[in-house]
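Heads up, the thing below is written out as structure tokens.
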Amino acid sequence: MNPGDRVRVERADQTYEGVLLPSTTAENLVVKLESGYNVGVDRDAASVEVLEADTYDVEGAQDAEGESAIEFDDDLPTISLISTGGTIASTVDYRTGAVTAQFDAEDVLRAVPDLAGRANYRGRVVANILSENMTPEVWQELARAVRDEIEAGADGVVVMHGTDTMQFTASALAFMLDTPVPIVFTGSQRSADRPSSDNVMNAVCAVEAAKSDCAEVLVCMHADEADERCALHRGTRVRKNHTSRRDAFETVGTKPLGEVDYESEEITFRREYAERGEADLALHDGLATDVSLVKFTPGTDPAMLETAANGAAGVVIEGTGLGHVNTDWIDTVEAVTDAGTTVVMTSQCLAGRVCDRVYDTGRDLLDAGVIEGEDMLPGTAKVKLMWVLENAEDPARAMREPLAGEIQAQSRPWT
Amino acid sequence: MTDADAFDYEELGLVAGLEIHQQLDTETKLFCACPTEIREPEESTRRFTRYLHPTKSELGEIDEAALEESQVEREFEYLAYDTTCLVEEDDEPPHRVDEEALATSLEIAQLLDMQVVDQVNVMRKIVVDGSNTTGFQRSMMVANDGRIETSEGPVGIEDMLLEEESCQRVEETDSGVRFSLDRLGIPLVEIGTKPDIRSPEQAKEAAKRIGMLLRSTGHVKRGLGTIRQDVNVSIADGARIEMKGVQSLDDIDDLVRNEVRRQVELVDIADELAERDAAVGEPQDVTDVFEDTDSGVIGGALSSGGVVQAVLLEGFDGLVGREIQPDRRLGTEFSDHAKRHGAGGIFHTDELPAYGVTEAEVDSLREAVGAGPADAVAIVADDPETAELAIEAVAERAETAMDGVPEETRDANEDGTSRYLRPLPGAARMYPETDVPPVEPDPEEVETPELLTEKVERYVEEHGLGEGVAEQVAYGRRWELFEAAVETGVDANLAARTVESDVTELRRDDVPVENLTDDHFLGVFDLLADDEVAKEGVPDLLTALAENPELSAAEAAQQEDLGSAAEDEVREAVVEVVERNADQVEDEGMQAFSGLMGECMGALRGQADGDLVSEVLREEIQKRA
């Protein structure tokens, strides 16, 4: 008896006939009935007869039939689609019942036919992981792949990425790459296996953004709950601010850089941006991987900082308010910086600038060697510190200067 | 045309089944904590638009019904309320299956004598017409294999599904359809019978029986749209038809009769077409024929850049116009398919010349497509893309007419006929809802509710209600209040009258009885039980409460001065009336009683017990007579 077999299951007076499914567990046989409904039958109480073996290829059910015929059109720009996994390119794993990434970039074209005719596509798979499993090593691999794609003639790059850690990867690429073309991250908040998935509009808008004149690392996701517009966020200023909404991504501290209208395909920008062709392609993919982000909340023991800093190159603290921790922490902070660890202060307020010159605690922190992280998002500051420690001559100074749009020189009200 | 009443259903091999959809009256929705409350579109607080795209099932198939639906690219607009949340908007994963809804479904399973499954698996049933924001309806099979009794024999129950109600369709917009999120997610049970029904009358009886069983739980919604019946019908030479959205039980037998007739006619047409060696030609553009037309429909389409597409139907002459249901022809079926693809409808030669199309135009049309006298021609005038899709759909439907009855889903019309809706959905539209873990229900925990029929009997036997009144109370919304009243010592007939006929009469008098709460009624019964209000004062008291719902029953009784008048007050009022009419009493004696009784009650403004008043009045008349 195997998944895909047509079976007859008898249990008490009840007979169920259908296809045995892979979601069967030790306790329950799961049978797909003629009507399409699945029912679970208590395995111990049931007797099973296999009527016909392998009536369905359950494993291969999601595989596409044949190759997608992609024709090259000289009049269209070339966009490289890079897949790293995640919901936009995922389908349901019917063994575990969970949603997993199974598509490569070619499959995305098949899955999102609306992409056809907008560009010539190059497909590439860098990883096939859920974004919570992303690592700095994969960021580096991705950065190299993007460089290769641009060198090979891509006029823009779309990176399909799980939404959970998209902002970290986007930040990493923003620091590692000088790019003459747009690098646009996109994903989806509703998996691609459902008719209402946001993957179609996000992918279409991301391709349009990748064809645009804005040669920056962007995140392209729903601007609101409707299928009308995608927002274009700077990779270093964006944050996933909701667990499930389509418009979970928000630019913190200002309005999104731009927008793509789904129907008209029109792209508009609110501020200046790095233009296509301005920068020469360059990759600086060194990263110090021993950098931690430590969040201070009332009652957190300074030992937490000690453990995080223990001989490490850098620590970003997510402090309170203007950039504070309990005064009991200050001696530890001083010991940590004395030992050679770079310590950067950010704020759990997320919006607004760190200023450790207003209250005594702040001044004491500065004396203890803390670097003010300006208005950087804590997550972005961590990625930047990883990069800065390997690539900047004066990391302390670099942390306080904008390198990839992560710091805004002026704080302007935006709401 | 055949006479529907003359059919021998057994000989025709009529097989029918029912699908009953009943909304449950639960506190919260099936997959979120929102109330199961229906709102007015004007009350919506937000709106947004979405698109849907079809996907594959876990067996790798795309459903035909879903595919046809998706070929019409449409934008859907949704109205959100302060009573809906992100789950309805498909912006938050569903919560776990609502326990109250599951428990109610288990009660229903018991009443229908069904076997509850060991493990309930939540499925996604693909529906991309926009009525679900997700593009699917969440549905789970809870029980199988039950039965109900009818006077024509038992009818098996195939299965019972617990599912989420879809969005209410508000209206068509320029770019698509507008839906309302209030209804989405209300728990719904779908009960499917086995194809055991053999006559239109049995179909109606089975539907009524199931409806009664559902209402016996006391946990189902009431009122228009809260119960819908689908009827599946086939005859031996016909095909299985699913008829959707029958709102009234009383229409079921007519629908079955009309569908049988449709199938008989279609089989007959197919036989005739076979004899005539019929064939369907390739669609072609005949715009030239109508260049100077006076037909408003065609002219209108052409002037806005449209075309006229035609299809030659060889051997169809006279059959396209043949009536197959009251006022519906084979041509109407063709037209339904054309409409489904966005066209306004079709014209065919069996009805032309008409609608501004001249005889000369018909002749050139016939000539253009090479139609002979035995042939028919159907045309569609619309924008080029719609016209092409629509004429293809007409040609396809004409092809199937040669085979007899096509399997399909139809929509019930109000007049007992039906129209084409979409292809029959298949198993391929089902795939697992991975966001909701399976549930293992425990049917042991459920108590069997008393059937409404049993309740009626009990009210007659135990409380001495008449059959009609007992039925009114048991099938009504307030039987629980009635039982509470009897419990507190209120006379059963008085309690029954209070919860049913009094309310009905007050409603007729435009009293806002919808404001009356359970607490109002319970308060009224307490006053009655303690003799603080006379039974004659009940309507006035209910009126006062309906108009001032913030009052308690006691407060309303006081405000309206409805306290039960003691015997002294009654005698005082009666004596006054009798003395005022002393002459009449002297002349007529007891004959004056009925006239004076009314006057006395008027004087006491309904505050006194009628029996008491009549007793005192008799005494006072006797004294003087």
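Ordering of the structure tokens sets the chain letters (A, B, ...); residue numbers start at 1 within each chain; ligands are numbered from 1 in the order shown.
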* Leaving out region 113-127 of chain B and any residue of its chain fewer than 4 positions from it, which residues lie within 8 Å of it when counting only C-alpha atoms, given as an MDAnalysis selection string? -> (chainID A and resid 14 28 37:42 195) or (chainID B and resid 54 63 66 106 109 131:132 135:148 157 429:434 436:441 443)
* Residue set, region 346-593 of chain B restricted to alpha helix (DSSP H), as number ranges by chain -> B: 359-369, 384-401, 452-463, 467-475, 479-487, 492-497, 503-508, 518-529, 538-547, 553-559, 567-580, 582-588, 593
So which residues touch Ala401 (chain B) within 6 Å, counting only C-alpha atoms, skipping near sequence neighbours fewer than 3 positions away, as a compact mmCIF listing (two decimals) with C-alpha atoms, in the first residue's frame?
```txt
# COMPACT_ATOMS: atom_id res chain seq x y z
CA ALA B 270 -31.13 15.04 -30.50
CA ALA B 398 -25.05 23.22 -30.62
CA GLY B 404 -28.74 15.06 -26.08
```
* Please return as JSON, numbers by chain: the residues of region 394-588 of chain B that backbone DSSP assigns to strand (DSSP E). => {"B": [408, 409, 410, 411, 412, 418, 419, 420, 421, 422, 430, 431, 432]}
* Closest of B:Met601, B:Val456, B:Val189, B:Val499 to Asp25 (chain B) - atom-to-atom distances counting only C-alpha atoms ->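 Under the stated criterion, the closest residue is B:Val189.
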Within 10 Å of Ala553 (chain B) using only C-alpha atoms, minus same-chain residues under 4 positions, as a PDB file with C-alpha atoms, in the first residue's frame:
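Contents of around-v4.pdb, as written:
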```
ATOM      1  CA  ASP B 519     -35.116  39.499  28.492  1.00  0.00           C
ATOM      2  CA  HIS B 520     -38.201  41.524  27.579  1.00  0.00           C
ATOM      3  CA  PHE B 521     -40.255  38.372  27.146  1.00  0.00           C
ATOM      4  CA  LEU B 522     -38.905  36.744  30.303  1.00  0.00           C
ATOM      5  CA  GLY B 523     -39.736  39.912  32.249  1.00  0.00           C
ATOM      6  CA  VAL B 524     -43.293  39.898  30.860  1.00  0.00           C
ATOM      7  CA  PHE B 525     -43.711  36.269  31.905  1.00  0.00           C
ATOM      8  CA  ASP B 526     -42.469  37.031  35.420  1.00  0.00           C
ATOM      9  CA  LEU B 527     -45.091  39.788  35.728  1.00  0.00           C
ATOM     10  CA  LEU B 541     -46.764  45.929  27.331  1.00  0.00           C
ATOM     11  CA  LEU B 542     -44.972  44.377  24.341  1.00  0.00           C
ATOM     12  CA  ALA B 544     -44.216  49.693  25.037  1.00  0.00           C
ATOM     13  CA  LEU B 545     -41.107  47.503  25.215  1.00  0.00           C
ATOM     14  CA  PRO B 549     -36.336  48.735  24.302  1.00  0.00           C
ATOM     15  CA  ALA B 557     -45.666  48.128  32.944  1.00  0.00           C
ATOM     16  CA  GLN B 558     -45.352  50.938  35.447  1.00  0.00           C
ATOM     17  CA  GLN B 559     -44.862  53.618  32.799  1.00  0.00           C
TER      18      GLN B 559
END
```
